[in-house]
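K.L.:
entry-v7.cif (mmCIF, C-alpha atoms) pasted underneath:
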```cif
data_structure
#
loop_
_atom_site.label_atom_id
_atom_site.label_comp_id
_atom_site.auth_asym_id
_atom_site.auth_seq_id
_atom_site.Cartn_x
_atom_site.Cartn_y
_atom_site.Cartn_z
CA MET U 10 0.00 0.00 0.00
CA SER U 11 1.29 3.43 -0.83
CA VAL U 12 0.94 5.91 1.96
CA GLU U 13 -0.58 9.31 1.48
CA VAL U 14 2.42 11.21 0.14
CA GLU U 15 3.76 13.88 2.43
CA VAL U 16 5.88 15.74 -0.12
CA ASP U 17 4.14 18.74 -1.65
CA GLU U 18 5.01 21.56 -4.06
CA ASN U 19 6.53 23.64 -1.29
CA ASP U 20 8.87 20.82 -0.29
CA LEU U 21 9.92 20.30 -3.91
CA ALA U 22 10.43 24.04 -4.35
CA GLU U 23 12.67 24.08 -1.29
CA MET U 24 14.79 21.21 -2.64
CA VAL U 25 15.05 22.94 -5.98
CA GLU U 26 16.15 26.13 -4.26
CA GLN U 27 18.91 24.25 -2.43
CA VAL U 28 20.16 22.69 -5.67
CA TRP U 29 20.25 26.12 -7.30
CA GLU U 30 22.03 27.70 -4.31
CA SER U 31 24.59 24.91 -4.08
CA TYR U 32 25.38 24.17 -7.71
CA LEU U 33 23.43 25.97 -10.41
CA ASP U 34 23.30 29.52 -9.10
CA PRO U 35 25.74 29.87 -6.18
CA GLU U 36 25.94 33.63 -6.75
CA GLY U 37 22.19 33.91 -6.36
CA VAL U 38 21.71 35.81 -9.62
CA SER U 39 19.60 33.43 -11.72
CA PRO U 40 17.07 31.46 -9.67
CA LEU U 41 14.38 29.26 -11.16
CA MET U 42 11.39 31.56 -11.73
CA GLN U 43 8.24 29.54 -11.17
CA THR U 44 5.65 29.60 -13.96
CA TYR U 45 3.24 27.02 -12.47
CA ASP U 46 2.76 25.76 -16.02
CA GLU U 47 2.77 21.97 -15.81
CA ASN U 48 2.52 21.71 -19.58
CA GLN U 49 5.66 23.62 -20.39
CA PRO U 50 7.78 21.87 -23.05
CA SER U 51 10.98 19.93 -22.43
CA GLU U 52 13.65 18.41 -24.66
CA VAL U 53 15.48 16.14 -22.21
CA HIS U 54 14.61 14.45 -18.93
CA SER U 55 15.86 12.16 -16.21
CA SER U 56 14.13 10.17 -13.51
CA VAL U 57 14.60 7.99 -10.47
CA SER U 58 12.08 5.46 -9.19
CA ILE U 59 11.16 5.05 -5.57
CA THR U 60 9.69 1.78 -4.34
CA GLY U 61 8.60 0.51 -0.95
CA SER U 62 6.78 2.76 1.49
CA TRP U 63 5.89 4.94 -1.52
CA ASN U 64 5.90 3.94 -5.17
CA GLY U 65 6.48 6.33 -8.00
CA HIS U 66 8.96 8.42 -9.93
CA VAL U 67 10.71 11.76 -9.56
CA VAL U 68 11.32 13.40 -12.93
CA TYR U 69 13.62 16.29 -13.86
CA ALA U 70 12.93 17.78 -17.29
CA SER U 71 14.29 20.78 -19.14
CA SER U 72 15.20 22.24 -22.47
CA ARG U 73 18.49 21.12 -23.94
CA ALA U 74 19.91 24.61 -23.41
CA ALA U 75 19.03 24.48 -19.70
CA ALA U 76 20.62 21.02 -19.41
CA GLN U 77 23.75 22.32 -21.11
CA ARG U 78 23.87 25.28 -18.74
CA ALA U 79 23.38 22.95 -15.75
CA ALA U 80 26.25 20.75 -16.92
CA ALA U 81 28.48 23.80 -17.37
CA ALA U 82 27.65 24.91 -13.83
CA PHE U 83 28.13 21.42 -12.35
CA LEU U 84 31.46 20.87 -14.08
CA ALA U 85 32.73 24.47 -13.95
CA MET U 86 33.06 24.54 -17.74
CA GLU U 87 32.23 26.96 -20.51
CA LEU U 88 28.93 26.26 -22.28
CA ASP U 89 30.63 25.33 -25.57
CA GLU U 90 32.89 22.79 -23.81
CA VAL U 91 29.94 20.72 -22.56
CA SER U 92 29.64 17.28 -24.19
CA GLU U 93 26.63 15.01 -24.63
CA GLU U 94 28.01 12.82 -21.84
CA ASP U 95 28.32 15.82 -19.52
CA ILE U 96 24.65 16.63 -20.15
CA SER U 97 23.54 13.04 -19.50
CA ASP U 98 25.58 12.72 -16.31
CA THR U 99 24.33 16.07 -15.03
CA LEU U 100 20.70 15.19 -15.73
CA GLY U 101 21.14 11.87 -13.94
CA GLU U 102 22.68 13.54 -10.93
CA LEU U 103 19.93 16.16 -10.76
CA ALA U 104 17.26 13.42 -10.67
CA ASN U 105 19.31 11.56 -8.08
CA ILE U 106 19.70 14.59 -5.81
CA VAL U 107 16.04 15.56 -5.91
CA GLY U 108 14.93 11.92 -5.66
CA GLY U 109 17.17 11.35 -2.66
CA ASN U 110 15.80 14.39 -0.92
CA VAL U 111 12.23 13.26 -1.68
CA LYS U 112 13.02 9.81 -0.31
CA ALA U 113 14.28 11.36 2.93
CA MET U 114 10.80 12.83 3.49
CA LEU U 115 8.97 9.54 2.95
CA PRO U 116 8.18 6.96 5.65
CA PRO U 117 10.96 4.43 6.35
CA GLY U 118 11.35 1.57 3.91
CA ALA U 119 11.69 3.40 0.58
CA GLN U 120 14.30 2.37 -1.99
CA LEU U 121 15.77 4.74 -4.56
CA SER U 122 16.76 3.42 -8.00
CA LEU U 123 19.79 4.52 -9.98
CA PRO U 124 18.86 7.39 -12.33
CA GLN U 125 17.71 6.99 -15.90
CA VAL U 126 18.39 9.69 -18.50
CA VAL U 127 16.58 10.18 -21.81
CA LEU U 128 17.66 12.86 -24.26
CA ALA U 129 14.07 13.26 -25.43
CA PRO U 130 11.08 15.27 -24.14
CA GLU U 131 9.42 14.24 -20.90
CA ALA U 132 6.19 14.03 -22.91
CA SER U 133 7.68 10.98 -24.68
CA ALA U 134 8.06 9.14 -21.36
CA ARG U 135 5.39 6.79 -20.08
CA PHE U 136 5.10 5.82 -16.44
CA PRO U 137 2.24 3.32 -16.56
CA ASN U 138 -0.47 3.55 -13.91
CA THR U 139 0.87 6.72 -12.40
CA GLU U 140 -0.46 10.20 -11.89
CA ARG U 141 1.43 13.42 -11.39
CA ILE U 142 0.85 14.51 -7.80
CA SER U 143 3.06 17.57 -7.56
CA GLY U 144 5.65 19.55 -9.41
CA VAL U 145 7.70 22.70 -9.67
CA TYR U 146 7.67 24.32 -13.10
CA GLY U 147 9.73 27.30 -14.02
CA LEU U 148 12.10 29.19 -16.25
CA TRP U 149 15.83 29.37 -15.64
CA GLU U 150 17.30 32.24 -17.62
CA GLY U 151 14.31 31.89 -19.93
CA GLU U 152 14.66 28.12 -20.39
CA PRO U 153 12.05 25.64 -19.09
CA VAL U 154 12.94 23.39 -16.16
CA SER U 155 10.57 21.19 -14.17
CA ILE U 156 10.69 18.69 -11.33
CA SER U 157 7.65 16.51 -10.82
CA MET U 158 6.50 13.54 -8.78
CA TRP U 159 4.47 10.72 -10.28
CA GLN U 160 2.73 8.33 -7.92
CA SER U 161 1.82 4.77 -8.86
CA SER U 162 -1.89 4.23 -8.52
CA THR U 163 -1.41 0.48 -8.16
CA ASP U 164 1.74 -0.71 -6.52
CA THR U 165 0.99 -4.41 -6.21
CA LYS U 166 3.04 -5.09 -9.32
CA GLU U 167 5.93 -2.97 -8.11
CA GLU U 168 8.99 -4.40 -6.48
CA GLY U 169 8.31 -5.11 -2.80
CA ALA U 170 10.01 -3.21 0.00
CA MET T 29 46.89 12.71 3.01
CA LYS T 30 45.26 10.51 0.41
CA ILE T 31 41.50 10.85 -0.10
CA LEU T 32 39.38 8.36 -2.06
CA ILE T 33 36.17 9.74 -3.61
CA ALA T 34 33.66 7.03 -4.50
CA ASP T 35 30.61 7.97 -6.57
CA ASP T 36 29.14 6.36 -9.68
CA SER T 37 28.40 9.82 -11.04
CA ARG T 38 31.44 11.37 -12.73
CA VAL T 39 29.78 14.77 -12.39
CA MET T 40 29.36 14.32 -8.66
CA ARG T 41 32.98 13.17 -8.21
CA GLN T 42 34.07 16.36 -9.96
CA ILE T 43 31.80 18.44 -7.75
CA VAL T 44 33.22 16.77 -4.64
CA VAL T 45 36.78 17.42 -5.87
CA ARG T 46 35.95 21.05 -6.64
CA THR T 47 34.22 21.55 -3.31
CA LEU T 48 37.22 20.05 -1.49
CA ARG T 49 39.40 22.61 -3.30
CA GLN T 50 37.01 25.45 -2.46
CA ALA T 51 37.05 24.39 1.17
CA GLY T 52 40.84 24.51 1.13
CA PHE T 53 41.63 20.79 0.92
CA GLY T 54 42.81 20.72 -2.70
CA ASP T 55 46.42 19.88 -1.83
CA HIS T 56 45.64 16.34 -0.76
CA ASP T 57 46.19 13.38 -3.03
CA LEU T 58 42.77 12.60 -4.58
CA VAL T 59 41.83 9.17 -5.93
CA GLU T 60 38.48 8.30 -7.54
CA ALA T 61 36.33 5.18 -7.69
CA ALA T 62 33.28 4.80 -9.97
CA ASP T 63 31.33 2.12 -8.11
CA GLY T 64 31.24 0.25 -4.81
CA GLN T 65 33.46 -2.62 -5.88
CA GLU T 66 36.10 -0.25 -7.17
CA ALA T 67 35.85 1.74 -3.94
CA PHE T 68 36.50 -1.41 -1.92
CA ASP T 69 39.36 -2.55 -4.15
CA LYS T 70 41.07 0.84 -4.27
CA THR T 71 40.69 1.38 -0.54
CA THR T 72 42.39 -1.95 0.04
CA ALA T 73 45.09 -1.42 -2.58
CA GLU T 74 45.85 2.29 -2.20
CA GLN T 75 45.24 2.65 1.52
CA PRO T 76 43.77 6.16 1.56
CA ASP T 77 43.53 8.08 4.84
CA LEU T 78 39.94 9.06 4.18
CA VAL T 79 37.10 7.66 2.04
CA ILE T 80 34.25 9.96 0.93
CA SER T 81 31.56 7.69 -0.48
CA ASP T 82 28.20 7.91 -2.17
CA TRP T 83 25.52 5.60 -0.78
CA ASN T 84 23.65 4.36 -3.83
CA MET T 85 26.17 2.80 -6.27
CA PRO T 86 26.20 -0.19 -8.64
CA HIS T 87 27.85 -3.51 -7.66
CA MET T 88 28.13 -2.61 -3.98
CA THR T 89 26.42 0.20 -2.08
CA GLY T 90 28.49 2.55 0.06
CA ILE T 91 27.32 0.95 3.29
CA GLU T 92 28.27 -2.49 1.95
CA VAL T 93 31.73 -1.16 1.10
CA LEU T 94 32.12 0.17 4.64
CA ARG T 95 30.91 -3.07 6.23
CA GLN T 96 33.21 -5.19 4.09
CA LEU T 97 36.18 -2.98 4.85
CA ARG T 98 35.51 -3.25 8.57
CA ALA T 99 34.96 -6.99 8.27
CA ALA T 100 38.36 -7.20 6.60
CA GLY T 101 39.90 -5.31 9.51
CA ASN T 102 40.32 -2.04 7.60
CA ASN T 103 39.62 0.94 9.88
CA VAL T 104 40.08 3.75 7.37
CA LYS T 105 38.15 6.92 8.20
CA PHE T 106 35.02 6.58 6.07
CA GLY T 107 31.92 8.71 5.59
CA PHE T 108 29.06 9.39 3.23
CA VAL T 109 28.10 12.13 0.80
CA THR T 110 24.64 11.24 -0.43
CA SER T 111 21.39 12.71 -1.65
CA GLU T 112 19.55 10.23 0.56
CA CYS T 113 19.45 10.84 4.24
CA THR T 114 16.93 8.99 6.34
CA PRO T 115 17.24 8.34 10.08
CA GLU T 116 17.59 4.61 9.39
CA MET T 117 20.46 5.25 6.97
CA LYS T 118 22.24 7.48 9.45
CA THR T 119 21.82 4.86 12.16
CA ALA T 120 23.10 2.11 9.85
CA ALA T 121 26.07 4.30 8.84
CA GLU T 122 27.02 5.06 12.43
CA ALA T 123 26.62 1.44 13.47
CA ALA T 124 28.96 0.41 10.66
CA GLY T 125 31.56 2.94 11.79
CA SER T 126 30.92 5.94 9.54
CA ALA T 127 32.64 9.16 10.62
CA PHE T 128 30.35 11.67 8.88
CA PHE T 129 27.21 12.07 6.79
CA ILE T 130 26.97 14.92 4.27
CA VAL T 131 23.72 15.44 2.36
CA LYS T 132 23.61 16.58 -1.29
CA PRO T 133 23.30 19.33 -2.22
CA PHE T 134 26.20 20.52 -0.08
CA THR T 135 28.32 23.67 0.13
CA ALA T 136 32.03 24.33 0.65
CA GLU T 137 31.14 25.57 4.15
CA ARG T 138 29.64 22.19 4.99
CA PHE T 139 32.77 20.44 3.71
CA ASP T 140 34.93 22.73 5.83
CA GLU T 141 32.86 22.01 8.92
CA VAL T 142 33.13 18.23 8.45
CA PHE T 143 36.64 17.86 7.07
CA ALA T 144 38.59 20.52 8.97
CA PRO T 145 38.75 18.36 12.11
CA ILE T 146 39.72 15.32 10.03
CA LEU T 147 42.16 16.86 7.55
CA GLY T 148 43.47 19.72 9.67
#
```
Would you put the structure from the file into structure tokens?
P.N.:
Amino acid sequence: MSVEVEVDENDLAEMVEQVWESYLDPEGVSPLMQTYDENQPSEVHSSVSITGSWNGHVVYASSRAAAQRAAAAFLAMELDEVSEEDISDTLGELANIVGGNVKAMLPPGAQLSLPQVVLAPEASARFPNTERISGVYGLWEGEPVSISMWQSSTDTKEEGA
Amino acid sequence: MKILIADDSRVMRQIVVRTLRQAGFGDHDLVEAADGQEAFDKTTAEQPDLVISDWNMPHMTGIEVLRQLRAAGNNVKFGFVTSECTPEMKTAAEAAGSAFFIVKPFTAERFDEVFAPILG
């Protein structure tokens, strides 16, 4: 049985703020400006699955330009030095960081998967039998970035805790 | 001192290295491992003074690495840098002999606070 999830938009927004403060915007000059538009487009995305006391997925999605900028910030590189691999690794780590922080707020007995990265829009992803329960949607220097949580509506087929 | 950084994410290993530098610990000898098995093998072979390990890694998780090291009689100073931080994980880490627990995202100030007493 999945528990009633205790992680809401405000919690996600706080995690996102910490990621920006620590890695993506340490100077505090370009925060993620929330748009509250859950249908904003993306070009790349990454996700981690959580199973056990809660079952679902945490998804990070953005434009390619935003992913490139994130990789440049993570790796202290110039934008034009960023490789495809840098973008993939950065996206995976972003999903891992947010997913780990989400997991910490769930009841004991949740397992976090290793991240999965897809260099294609989030809209191309399918998480069967899930519904989006919360998310933070915004623009980072004009580029779309979102973090959302998808909860499994049936978790009997999921891996046990 | 020799420091081993174990994380399956190359990006995160680079961030840890950079943050160590920012916190003033860049002069130490830094070694990297890309999964739990490699962390165990390199810790045994290279005998670092400190291991900074991720929790969730392929082949062997960080806590498994720590337990196996201790089971093999290796008492290297070992701690975690992880995005996951639940009370049960902290308890398990401490019980296994972990010296610190740093949660991602972290700052250079946090590194300084944790590593200054260890690295001097």
K.L.:
Starting from chain U, keep only residues with some atom at most 7 Å from an atom of chain T, counting all atoms listed in the file, and report them as a list in words.
P.N.:
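On the chain U side, the interface is Gln27, Val28, Ser31, Phe83, Leu84, Asp98, Thr99, Glu102, Asn105, Ile106, Gly109, Asn110, Lys112 and Ala113 of chain U.
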K.L.:
Which residue gives the smallest distance to Gly101 of chain T among T:Glu60, T:Ala34, T:Thr72, T:Ile80, with all atoms listed in the file counted?
P.N.:
T:Thr72
K.L.:
Show which residues sit within 10 Å of Leu32 of chain T, as a PyMOL selection string. Count all atoms listed in the file, and ignore same-chain residues fewer than 2 positions away.
P.N.:
chain T and resi 30+34-35+57-61+67+70-71+74-81+106
K.L.:
To one decimal in Å, tell me the separation between atom CA of Leu115 of chain U and atom CA of Gly125 of chain T.
P.N.:
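Atom-to-atom, atom CA of Leu115 of chain U to atom CA of Gly125 of chain T, that is 25.1 Å.
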K.L.:
Show which residues sit within 9 Å of Val16 of chain U, as a CSV table (one decimal) with C-alpha atoms, in the coordinates of the input. Count all atoms listed in the file, and ignore same-chain residues fewer than 3 positions away.
P.N.:
```csv
chain,number,residue,atom,x,y,z
U,19,ASN,CA,6.5,23.6,-1.3
U,20,ASP,CA,8.9,20.8,-0.3
U,21,LEU,CA,9.9,20.3,-3.9
U,111,VAL,CA,12.2,13.3,-1.7
U,114,MET,CA,10.8,12.8,3.5
U,115,LEU,CA,9.0,9.5,3.0
U,143,SER,CA,3.1,17.6,-7.6
U,158,MET,CA,6.5,13.5,-8.8
```
K.L.:
Considering all atoms listed in the file, state which residue in the set T:Ala99, T:Val109, T:Asp140, T:Ile146 is at the smallest distance from Ala124 of chain T.
P.N.:
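The answer is T:Ala99, which sits nearest to Ala124 of chain T.
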K.L.:
As number ranges by chain, please: the residues near Pro124 of chain U (cut-off 10 Å, only C-alpha atoms, same-chain neighbours under 2 positions excluded).
P.N.:
U: 55-58, 67-68, 98, 100-106, 108, 121-122, 126; T: 37
K.L.:
I need the output of the PyMOL selection byres ((chain T and resi 91) around 10) for this file as a VMD selection string; which residues are they?
P.N.:
chain T and resid 64 81 to 85 88 to 90 92 to 97 106 to 108 117 120 to 121 124 to 126
K.L.:
Tell me which protein, DNA and RNA residues are within 12 Å of Gly147 of chain U, counting only C-alpha atoms, leaving out same-chain ones fewer than 4 positions away, and put them as JSON, numbers by chain.
P.N.:
{"U": [22, 25, 26, 39, 40, 41, 42, 43, 44, 45, 46, 47, 48, 49, 50, 51, 69, 70, 71, 72, 75, 151, 152, 153, 154, 155, 156, 157]}
K.L.:
Take the selection from the previous step and output its residues with C-alpha atoms, as a PDB file, keeping the file's coordinate frame.
P.N.:
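Output file result.pdb is given in full below:
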```pdb
ATOM      1  CA  ALA U  22      10.430  24.040  -4.350  1.00  0.00           C
ATOM      2  CA  VAL U  25      15.050  22.940  -5.980  1.00  0.00           C
ATOM      3  CA  GLU U  26      16.150  26.130  -4.260  1.00  0.00           C
ATOM      4  CA  SER U  39      19.600  33.430 -11.720  1.00  0.00           C
ATOM      5  CA  PRO U  40      17.070  31.460  -9.670  1.00  0.00           C
ATOM      6  CA  LEU U  41      14.380  29.260 -11.160  1.00  0.00           C
ATOM      7  CA  MET U  42      11.390  31.560 -11.730  1.00  0.00           C
ATOM      8  CA  GLN U  43       8.240  29.540 -11.170  1.00  0.00           C
ATOM      9  CA  THR U  44       5.650  29.600 -13.960  1.00  0.00           C
ATOM     10  CA  TYR U  45       3.240  27.020 -12.470  1.00  0.00           C
ATOM     11  CA  ASP U  46       2.760  25.760 -16.020  1.00  0.00           C
ATOM     12  CA  GLU U  47       2.770  21.970 -15.810  1.00  0.00           C
ATOM     13  CA  ASN U  48       2.520  21.710 -19.580  1.00  0.00           C
ATOM     14  CA  GLN U  49       5.660  23.620 -20.390  1.00  0.00           C
ATOM     15  CA  PRO U  50       7.780  21.870 -23.050  1.00  0.00           C
ATOM     16  CA  SER U  51      10.980  19.930 -22.430  1.00  0.00           C
ATOM     17  CA  TYR U  69      13.620  16.290 -13.860  1.00  0.00           C
ATOM     18  CA  ALA U  70      12.930  17.780 -17.290  1.00  0.00           C
ATOM     19  CA  SER U  71      14.290  20.780 -19.140  1.00  0.00           C
ATOM     20  CA  SER U  72      15.200  22.240 -22.470  1.00  0.00           C
ATOM     21  CA  ALA U  75      19.030  24.480 -19.700  1.00  0.00           C
ATOM     22  CA  GLY U 151      14.310  31.890 -19.930  1.00  0.00           C
ATOM     23  CA  GLU U 152      14.660  28.120 -20.390  1.00  0.00           C
ATOM     24  CA  PRO U 153      12.050  25.640 -19.090  1.00  0.00           C
ATOM     25  CA  VAL U 154      12.940  23.390 -16.160  1.00  0.00           C
ATOM     26  CA  SER U 155      10.570  21.190 -14.170  1.00  0.00           C
ATOM     27  CA  ILE U 156      10.690  18.690 -11.330  1.00  0.00           C
ATOM     28  CA  SER U 157       7.650  16.510 -10.820  1.00  0.00           C
TER      29      SER U 157
END
```
K.L.:
Work out how far apart atom CA of Val53 of chain U and atom CA of Ile130 of chain T are and give it in Å to one decimal.
P.N.:
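Atom-to-atom, atom CA of Val53 of chain U to atom CA of Ile130 of chain T, that is 28.9 Å.
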K.L.:
From the options U:Leu123, U:Asp34, U:Gln160, U:Leu88, which residue's atoms come nearest to Asp63 of chain T, counting only C-alpha atoms?
P.N.:
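Closest to Asp63 of chain T of all the choices is U:Leu123.
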K.L.:
If you measure from atom CA of Ser162 of chain U to atom CA of Gly65 of chain U, what distance in Å do you get, rounded to one decimal?
P.N.:
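Atom-to-atom, atom CA of Ser162 of chain U and atom CA of Gly65 of chain U are spaced 8.6 Å apart.
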K.L.:
May I have the residues within 12 Å of Gly52 of chain T as a list in words, using only C-alpha atoms and disregarding those fewer than 4 positions away in the same chain?
P.N.:
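Here the answer would be Val45, Arg46, Thr47, Leu48, His56, Ala136, Glu137, Phe139, Asp140, Glu141, Phe143, Ala144, Leu147 and Gly148 of chain T.
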